[in-house]
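K.L.:
Hey, dropping my_file26.cif in here, mmCIF, C-alpha atoms:
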```cif
data_protein
#
loop_
_atom_site.label_atom_id
_atom_site.label_comp_id
_atom_site.auth_asym_id
_atom_site.auth_seq_id
_atom_site.Cartn_x
_atom_site.Cartn_y
_atom_site.Cartn_z
CA MET A 1 103.92 95.93 111.37
CA ALA A 2 101.30 94.77 108.87
CA ASN A 3 101.80 95.38 105.16
CA THR A 4 98.68 97.48 104.57
CA LEU A 5 100.09 99.66 101.78
CA LEU A 6 101.63 98.73 98.45
CA THR A 7 104.76 100.64 99.44
CA ASP A 8 105.17 98.37 102.49
CA VAL A 9 106.13 95.50 100.15
CA SER A 10 107.51 97.61 97.30
CA PRO A 11 108.94 100.89 98.65
CA ASP A 12 109.02 102.59 95.25
CA GLY A 13 105.52 101.40 94.33
CA ARG A 14 106.65 99.03 91.59
CA ILE A 15 104.40 96.09 90.77
CA ALA A 16 106.75 94.01 88.59
CA LEU A 17 109.67 93.07 90.85
CA SER A 18 111.70 90.53 88.85
CA GLY A 19 113.69 93.03 86.81
CA SER A 20 112.99 90.96 83.69
CA ASP A 21 111.24 91.81 80.45
CA GLU A 22 107.56 92.44 81.10
CA LYS A 23 104.57 92.89 78.84
CA TYR A 24 102.40 95.98 79.33
CA ILE A 25 98.88 96.83 78.22
CA ALA A 26 97.42 100.34 78.03
CA ALA A 27 94.03 100.98 79.63
CA PHE A 28 91.98 103.67 81.38
CA GLY A 29 91.18 103.93 85.08
CA ASP A 30 87.67 103.16 86.30
CA GLY A 31 87.77 105.21 89.51
CA THR A 32 87.83 102.13 91.79
CA ALA A 33 90.89 100.01 90.88
CA LYS A 34 94.15 100.80 92.70
CA PRO A 35 97.74 99.94 91.82
CA GLY A 36 98.44 96.34 92.78
CA ASP A 37 94.89 95.18 92.01
CA ALA A 38 94.27 92.17 89.78
CA VAL A 39 92.44 93.65 86.81
CA GLY A 40 91.01 92.98 83.39
CA LYS A 41 90.03 95.39 80.65
CA VAL A 42 86.53 96.04 79.30
CA GLY A 43 86.76 95.90 75.52
CA ALA A 44 84.00 98.43 74.85
CA THR A 45 85.45 101.17 77.06
CA GLY A 46 89.12 100.28 77.50
CA LYS A 47 88.66 100.73 81.26
CA VAL A 48 90.11 98.40 83.86
CA VAL A 49 87.87 96.19 85.97
CA GLN A 50 88.85 94.54 89.25
CA CYS A 51 88.87 90.76 88.93
CA ASP A 52 87.54 88.30 91.45
CA ILE A 53 86.58 84.65 91.46
CA GLY A 54 83.42 85.53 89.50
CA ALA A 55 85.25 87.63 86.91
CA SER A 56 88.61 85.85 86.73
CA GLU A 57 88.10 85.22 83.01
CA MET A 58 88.59 88.98 82.50
CA PHE A 59 92.02 88.94 84.20
CA ILE A 60 94.89 90.48 82.24
CA GLY A 61 97.34 91.52 84.94
CA PHE A 62 98.14 93.89 87.79
CA LEU A 63 97.41 97.61 87.68
CA MET A 64 100.53 99.75 87.89
CA ALA A 65 100.89 103.14 89.58
CA ASN A 66 100.84 106.18 87.32
CA ARG A 67 104.17 107.89 87.88
CA SER A 68 102.80 111.23 86.70
CA ASP A 69 100.10 111.26 89.39
CA SER A 70 101.76 111.89 92.75
CA THR A 71 98.52 111.16 94.64
CA LEU A 72 98.89 107.50 93.73
CA LEU A 73 102.09 107.04 95.69
CA ASN A 74 101.07 106.60 99.32
CA VAL A 75 103.57 109.06 100.75
CA GLY A 76 103.35 109.56 104.50
CA GLY A 77 101.39 106.37 105.12
CA THR A 78 98.13 107.47 103.52
CA ALA A 79 96.09 104.97 101.53
CA MET A 80 96.80 104.66 97.84
CA GLU A 81 94.08 106.24 95.74
CA PRO A 82 92.28 104.55 92.84
CA ILE A 83 93.24 105.66 89.35
CA ALA A 84 90.58 108.18 88.36
CA ASP A 85 87.89 107.30 85.84
CA GLY A 86 89.17 107.77 82.28
CA VAL A 87 92.81 108.47 83.25
CA PRO A 88 95.32 106.51 81.13
CA CYS A 89 97.05 103.72 83.05
CA THR A 90 99.08 100.57 82.49
CA ILE A 91 98.54 96.90 83.30
CA VAL A 92 101.53 94.57 83.66
CA LYS A 93 100.74 91.13 82.25
CA PRO A 94 102.24 88.49 84.57
CA GLN A 95 104.88 86.15 83.19
CA SER A 96 105.65 82.71 84.57
CA ALA A 97 108.14 82.70 87.49
CA HIS A 98 108.16 86.52 87.76
CA ASP A 99 107.41 88.24 91.07
CA TYR A 100 104.64 90.85 91.53
CA ALA A 101 103.53 93.05 94.41
CA CYS A 102 99.75 92.85 94.66
CA LEU A 103 96.63 93.12 96.79
CA ILE A 104 95.90 90.01 98.86
CA VAL A 105 93.14 89.04 101.26
CA ASP A 106 94.20 89.49 104.89
CA PRO A 107 95.38 86.04 106.00
CA ALA A 108 93.93 84.65 109.23
CA GLY A 109 97.47 83.82 110.38
CA ASP A 110 100.97 83.59 109.03
CA GLU A 111 101.32 82.13 105.55
CA PHE A 112 104.67 81.09 104.19
CA GLU A 113 106.58 81.32 100.95
CA GLY A 114 105.25 78.74 98.48
CA GLN A 115 101.62 78.93 99.64
CA PRO A 116 99.35 78.63 96.56
CA TYR A 117 97.17 81.63 95.73
CA GLY A 118 94.18 82.08 93.44
CA PHE A 119 91.48 84.63 92.67
CA SER A 120 89.51 85.90 95.65
CA ALA A 121 85.87 86.78 96.23
CA THR A 122 87.29 90.23 97.11
CA ALA A 123 87.49 92.35 93.94
CA GLY A 124 91.08 92.93 92.82
CA ALA A 125 92.70 90.58 95.34
CA LEU A 126 94.37 87.18 95.37
CA ASP A 127 93.65 84.78 98.23
CA ASP A 128 95.12 81.70 99.88
CA LEU A 129 93.90 78.79 97.79
CA ALA A 130 92.94 76.76 100.88
CA ALA A 131 90.55 79.55 101.91
CA LEU A 132 88.79 79.39 98.54
CA GLY A 133 88.60 75.66 98.06
CA THR A 134 87.58 75.89 94.40
CA ALA A 135 89.60 78.21 92.17
CA GLY A 136 92.79 77.09 90.49
CA CYS A 137 96.23 78.14 91.63
CA VAL A 138 97.62 81.05 89.61
CA ALA A 139 100.52 82.12 91.85
CA TYR A 140 102.58 81.23 94.90
CA LEU A 141 103.68 83.47 97.73
CA ALA A 142 107.22 84.66 97.03
CA LYS A 143 107.63 85.97 100.60
CA ASP A 144 105.91 85.15 103.89
CA VAL A 145 102.86 87.21 104.89
CA ALA A 146 101.33 87.71 108.33
CA ASN A 147 97.91 88.31 109.81
CA GLY A 148 96.89 91.87 108.90
CA ASP A 149 98.79 92.02 105.60
CA LEU A 150 96.83 93.45 102.67
CA TYR A 151 99.70 93.41 100.17
CA GLY A 152 102.15 90.66 99.40
CA ILE A 153 104.57 89.42 96.77
CA VAL A 154 103.56 86.50 94.58
CA SER A 155 105.46 84.51 91.99
CA TRP A 156 103.26 83.88 88.96
CA LYS A 157 102.74 80.24 88.08
#
```
Transcribe the structure of this file into structure tokens.
P.N.:
Amino acid sequence: MANTLLTDVSPDGRIALSGSDEKYIAAFGDGTAKPGDAVGKVGATGKVVQCDIGASEMFIGFLMANRSDSTLLNVGGTAMEPIADGVPCTIVKPQSAHDYACLIVDPAGDEFEGQPYGFSATAGALDDLAALGTAGCVAYLAKDVANGDLYGIVSWK
């Protein structure tokens, strides 16, 4: 079964999986970014913005699920909803060697633990570095992923 929901790789919807001290940044939703997305923060508005290869300089971390908003937890296999525009939310700032559940680009085939990952052309996602050919490695797969997976676990570089 493909990992198409955040809860497929992190059953309780957690983004930071290492159990270590993490750094968190407060922000506001923008109505498009979902938990697990690679995001930055717009200084003028305090809203998150999905990062991609063209906006990787904005990257701060991964958007976390709001525990107070039950619609964000994809109960019953429904898709996780974006955090609504203006709703307070939290970004976890990745730390070296910590593991994070996040949005990835669907791999064309199986990819194995240790595969380098970087920013994707798909907003909010990380992608296999070989598929990009240009961007620098920011993380490595912490667990194997298969064709059809949209979420995976990466270890930050």
K.L.:
Expand the PyMOL selection byres ((chain A and resi 43) around 12) into the individual residues it matches in the shown file, reporting them as a list in words.
P.N.:
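Against this file, the PyMOL selection byres ((chain A and resi 43) around 12) returns the residues Ala26, Ala27, Phe28, Gly40, Lys41, Val42, Ala44, Thr45, Gly46, Lys47, Val48, Val49, Met58 and Ile60 of chain A.
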K.L.:
Apply the PyMOL selection byres ((chain A and resi 139) around 8) to the structure shown and report the selected residues as a PDB file with C-alpha atoms, keeping the file's coordinate frame.
P.N.:
```pdb
ATOM      1  CA  PRO A 116      99.350  78.630  96.560  1.00  0.00           C
ATOM      2  CA  TYR A 117      97.170  81.630  95.730  1.00  0.00           C
ATOM      3  CA  GLY A 118      94.180  82.080  93.440  1.00  0.00           C
ATOM      4  CA  CYS A 137      96.230  78.140  91.630  1.00  0.00           C
ATOM      5  CA  VAL A 138      97.620  81.050  89.610  1.00  0.00           C
ATOM      6  CA  TYR A 140     102.580  81.230  94.900  1.00  0.00           C
ATOM      7  CA  LEU A 141     103.680  83.470  97.730  1.00  0.00           C
ATOM      8  CA  VAL A 154     103.560  86.500  94.580  1.00  0.00           C
ATOM      9  CA  SER A 155     105.460  84.510  91.990  1.00  0.00           C
ATOM     10  CA  TRP A 156     103.260  83.880  88.960  1.00  0.00           C
ATOM     11  CA  LYS A 157     102.740  80.240  88.080  1.00  0.00           C
TER      12      LYS A 157
END
```
K.L.:
Mind telling me what the PyMOL selection byres ((chain A and resi 112-114) around 6) catches here, as JSON, numbers by chain?
P.N.:
{"A": [111, 115, 140, 141, 142, 143, 144]}
K.L.:
Using only C-alpha atoms, pick whichever of A:Ile91, A:Ala2, A:Met80, A:Ala38 has the shortest atom-to-atom distance to A:Tyr24.
P.N.:
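Distance minimum relative to A:Tyr24 lands on A:Ile91.
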K.L.:
Counting only C-alpha atoms, which of A:Gly124, A:Gly29, A:Gly152, A:Gly136 gets nearest to A:Gln50?
P.N.:
A:Gly124
K.L.:
Please define a box with edges along x, y and z of the file around all atoms of stretch 120-125 of chain A given in the file, extend it by 6 Å on each side, and return its centre and edge lengths in Å to one decimal, as JSON.
P.N.:
```
{"center_x": 89.3, "center_y": 89.4, "center_z": 95.0, "size_x": 18.8, "size_y": 19.0, "size_z": 16.3}
```
K.L.:
Give me, please, the distance in Å between atom CA of A:Pro88 and atom CA of A:Gly31, quoted to one decimal.
P.N.:
11.4 Å
K.L.:
Mind giving me the straight-line distance from atom CA of A:Gly86 to atom CA of A:Thr122 in Å, one decimal?
P.N.:
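According to the coordinates, atom CA of A:Gly86 and atom CA of A:Thr122 are separated by 23.0 Å.
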K.L.:
Could you state the separation of atom CA of A:Leu5 and atom CA of A:Ser20 in Å, given to one decimal place?
P.N.:
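Going from atom CA of A:Leu5 over to atom CA of A:Ser20, I get 23.9 Å.
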K.L.:
Restricting the calculation to all atoms listed in the file: of A:Pro94, A:Gly148, A:Gly109, A:Gly13, which residue gets closest to A:Lys34?
P.N.:
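Once distances to A:Lys34 are computed over all atoms listed in the file, the minimum belongs to A:Gly13.
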K.L.:
Rank nothing, just name the residue among A:Asp21, A:Asp30, A:Asp37, A:Asp106 nearest to A:Val87, using only C-alpha atoms.
P.N.:
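Nearest to A:Val87: A:Asp30.
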K.L.:
Using all atoms listed in the file, which of A:Ala65, A:Ala33, A:Ala125, A:Val39 sits nearest A:Ala16?
P.N.:
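Closest residue, counting all atoms listed in the file: A:Ala65.
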K.L.:
Name all residues at most 7 Å from A:Ile53 (count all atoms listed in the file; drop same-chain ones fewer than 3 positions away) and give them as an mmCIF file with C-alpha atoms, in the coordinates of the input.
P.N.:
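Output (part23.cif):
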```cif
data_model
loop_
_atom_site.group_PDB
_atom_site.id
_atom_site.type_symbol
_atom_site.label_atom_id
_atom_site.label_comp_id
_atom_site.auth_asym_id
_atom_site.auth_seq_id
_atom_site.Cartn_x
_atom_site.Cartn_y
_atom_site.Cartn_z
ATOM 1 C CA SER A 56 88.610 85.850 86.730
ATOM 2 C CA PHE A 119 91.480 84.630 92.670
ATOM 3 C CA SER A 120 89.510 85.900 95.650
ATOM 4 C CA ALA A 121 85.870 86.780 96.230
#
```
K.L.:
Would you please work out which residue, of A:Ser18, A:Thr32, A:Asn147, A:Ser10, is nearest to A:Val105 when using all atoms listed in the file?
P.N.:
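Residue with the minimum atom-to-atom distance to A:Val105: A:Asn147.
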K.L.:
Please produce stretch 36-68 of chain A, completed to N, CA and C atoms, as a PDB file, in the frame of the given file.
P.N.:
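Output file rebuild.pdb follows:
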```pdb
ATOM      1  N   GLY A  36      98.294  97.601  92.078  1.00  0.00           N
ATOM      2  CA  GLY A  36      98.440  96.340  92.780  1.00  0.00           C
ATOM      3  C   GLY A  36      97.220  95.448  92.671  1.00  0.00           C
ATOM      4  N   ASP A  37      96.103  95.982  92.185  1.00  0.00           N
ATOM      5  CA  ASP A  37      94.890  95.180  92.010  1.00  0.00           C
ATOM      6  C   ASP A  37      95.014  94.258  90.805  1.00  0.00           C
ATOM      7  N   ALA A  38      94.421  93.077  90.911  1.00  0.00           N
ATOM      8  CA  ALA A  38      94.270  92.170  89.780  1.00  0.00           C
ATOM      9  C   ALA A  38      93.137  92.703  88.923  1.00  0.00           C
ATOM     10  N   VAL A  39      93.433  92.993  87.656  1.00  0.00           N
ATOM     11  CA  VAL A  39      92.440  93.650  86.810  1.00  0.00           C
ATOM     12  C   VAL A  39      92.343  93.015  85.430  1.00  0.00           C
ATOM     13  N   GLY A  40      91.227  93.288  84.796  1.00  0.00           N
ATOM     14  CA  GLY A  40      91.010  92.980  83.390  1.00  0.00           C
ATOM     15  C   GLY A  40      90.742  94.297  82.680  1.00  0.00           C
ATOM     16  N   LYS A  41      90.300  94.194  81.452  1.00  0.00           N
ATOM     17  CA  LYS A  41      90.030  95.390  80.650  1.00  0.00           C
ATOM     18  C   LYS A  41      88.728  95.166  79.892  1.00  0.00           C
ATOM     19  N   VAL A  42      87.806  96.117  80.006  1.00  0.00           N
ATOM     20  CA  VAL A  42      86.530  96.040  79.300  1.00  0.00           C
ATOM     21  C   VAL A  42      86.756  96.485  77.863  1.00  0.00           C
ATOM     22  N   GLY A  43      86.488  95.612  76.923  1.00  0.00           N
ATOM     23  CA  GLY A  43      86.760  95.900  75.520  1.00  0.00           C
ATOM     24  C   GLY A  43      86.040  97.128  74.988  1.00  0.00           C
ATOM     25  N   ALA A  44      84.800  97.330  75.381  1.00  0.00           N
ATOM     26  CA  ALA A  44      84.000  98.430  74.850  1.00  0.00           C
ATOM     27  C   ALA A  44      84.483  99.806  75.304  1.00  0.00           C
ATOM     28  N   THR A  45      85.056  99.873  76.513  1.00  0.00           N
ATOM     29  CA  THR A  45      85.450 101.170  77.060  1.00  0.00           C
ATOM     30  C   THR A  45      86.957 101.333  77.225  1.00  0.00           C
ATOM     31  N   GLY A  46      87.679 100.229  77.254  1.00  0.00           N
ATOM     32  CA  GLY A  46      89.120 100.280  77.500  1.00  0.00           C
ATOM     33  C   GLY A  46      89.461 100.513  78.965  1.00  0.00           C
ATOM     34  N   LYS A  47      88.438 100.501  79.824  1.00  0.00           N
ATOM     35  CA  LYS A  47      88.660 100.730  81.260  1.00  0.00           C
ATOM     36  C   LYS A  47      88.996  99.428  81.971  1.00  0.00           C
ATOM     37  N   VAL A  48      89.779  99.564  83.045  1.00  0.00           N
ATOM     38  CA  VAL A  48      90.110  98.400  83.860  1.00  0.00           C
ATOM     39  C   VAL A  48      88.892  97.984  84.665  1.00  0.00           C
ATOM     40  N   VAL A  49      88.894  96.724  85.084  1.00  0.00           N
ATOM     41  CA  VAL A  49      87.870  96.190  85.970  1.00  0.00           C
ATOM     42  C   VAL A  49      88.562  95.273  86.951  1.00  0.00           C
ATOM     43  N   GLN A  50      88.256  95.412  88.240  1.00  0.00           N
ATOM     44  CA  GLN A  50      88.850  94.540  89.250  1.00  0.00           C
ATOM     45  C   GLN A  50      88.340  93.118  89.049  1.00  0.00           C
ATOM     46  N   CYS A  51      89.245  92.160  89.120  1.00  0.00           N
ATOM     47  CA  CYS A  51      88.870  90.760  88.930  1.00  0.00           C
ATOM     48  C   CYS A  51      88.675  90.074  90.264  1.00  0.00           C
ATOM     49  N   ASP A  52      87.761  89.147  90.281  1.00  0.00           N
ATOM     50  CA  ASP A  52      87.540  88.300  91.450  1.00  0.00           C
ATOM     51  C   ASP A  52      87.202  86.908  90.940  1.00  0.00           C
ATOM     52  N   ILE A  53      86.842  86.033  91.851  1.00  0.00           N
ATOM     53  CA  ILE A  53      86.580  84.650  91.460  1.00  0.00           C
ATOM     54  C   ILE A  53      85.446  84.560  90.438  1.00  0.00           C
ATOM     55  N   GLY A  54      84.521  85.524  90.449  1.00  0.00           N
ATOM     56  CA  GLY A  54      83.420  85.530  89.500  1.00  0.00           C
ATOM     57  C   GLY A  54      83.755  86.200  88.181  1.00  0.00           C
ATOM     58  N   ALA A  55      84.855  86.935  88.133  1.00  0.00           N
ATOM     59  CA  ALA A  55      85.250  87.630  86.910  1.00  0.00           C
ATOM     60  C   ALA A  55      86.708  87.343  86.566  1.00  0.00           C
ATOM     61  N   SER A  56      87.203  86.174  86.973  1.00  0.00           N
ATOM     62  CA  SER A  56      88.610  85.850  86.730  1.00  0.00           C
ATOM     63  C   SER A  56      88.903  85.681  85.247  1.00  0.00           C
ATOM     64  N   GLU A  57      87.882  85.368  84.453  1.00  0.00           N
ATOM     65  CA  GLU A  57      88.100  85.220  83.010  1.00  0.00           C
ATOM     66  C   GLU A  57      88.473  86.542  82.352  1.00  0.00           C
ATOM     67  N   MET A  58      88.224  87.657  83.034  1.00  0.00           N
ATOM     68  CA  MET A  58      88.590  88.980  82.500  1.00  0.00           C
ATOM     69  C   MET A  58      90.042  89.339  82.825  1.00  0.00           C
ATOM     70  N   PHE A  59      90.688  88.589  83.700  1.00  0.00           N
ATOM     71  CA  PHE A  59      92.020  88.940  84.200  1.00  0.00           C
ATOM     72  C   PHE A  59      93.027  89.112  83.068  1.00  0.00           C
ATOM     73  N   ILE A  60      93.771  90.225  83.144  1.00  0.00           N
ATOM     74  CA  ILE A  60      94.890  90.480  82.240  1.00  0.00           C
ATOM     75  C   ILE A  60      96.174  90.602  83.029  1.00  0.00           C
ATOM     76  N   GLY A  61      96.121  91.309  84.170  1.00  0.00           N
ATOM     77  CA  GLY A  61      97.340  91.520  84.940  1.00  0.00           C
ATOM     78  C   GLY A  61      97.105  92.397  86.154  1.00  0.00           C
ATOM     79  N   PHE A  62      98.192  93.042  86.599  1.00  0.00           N
ATOM     80  CA  PHE A  62      98.140  93.890  87.790  1.00  0.00           C
ATOM     81  C   PHE A  62      98.276  95.344  87.401  1.00  0.00           C
ATOM     82  N   LEU A  63      97.408  96.183  87.975  1.00  0.00           N
ATOM     83  CA  LEU A  63      97.410  97.610  87.680  1.00  0.00           C
ATOM     84  C   LEU A  63      98.645  98.262  88.259  1.00  0.00           C
ATOM     85  N   MET A  64      99.316  99.056  87.453  1.00  0.00           N
ATOM     86  CA  MET A  64     100.530  99.750  87.890  1.00  0.00           C
ATOM     87  C   MET A  64     100.188 101.170  88.323  1.00  0.00           C
ATOM     88  N   ALA A  65     101.057 101.749  89.152  1.00  0.00           N
ATOM     89  CA  ALA A  65     100.890 103.140  89.580  1.00  0.00           C
ATOM     90  C   ALA A  65     101.259 104.067  88.436  1.00  0.00           C
ATOM     91  N   ASN A  66     100.506 105.142  88.293  1.00  0.00           N
ATOM     92  CA  ASN A  66     100.840 106.180  87.320  1.00  0.00           C
ATOM     93  C   ASN A  66     101.910 107.059  87.920  1.00  0.00           C
ATOM     94  N   ARG A  67     103.067 107.090  87.336  1.00  0.00           N
ATOM     95  CA  ARG A  67     104.170 107.890  87.880  1.00  0.00           C
ATOM     96  C   ARG A  67     103.909 109.388  87.783  1.00  0.00           C
ATOM     97  N   SER A  68     103.052 109.804  86.856  1.00  0.00           N
ATOM     98  CA  SER A  68     102.800 111.230  86.700  1.00  0.00           C
ATOM     99  C   SER A  68     101.792 111.754  87.724  1.00  0.00           C
TER     100      SER A  68
END
```
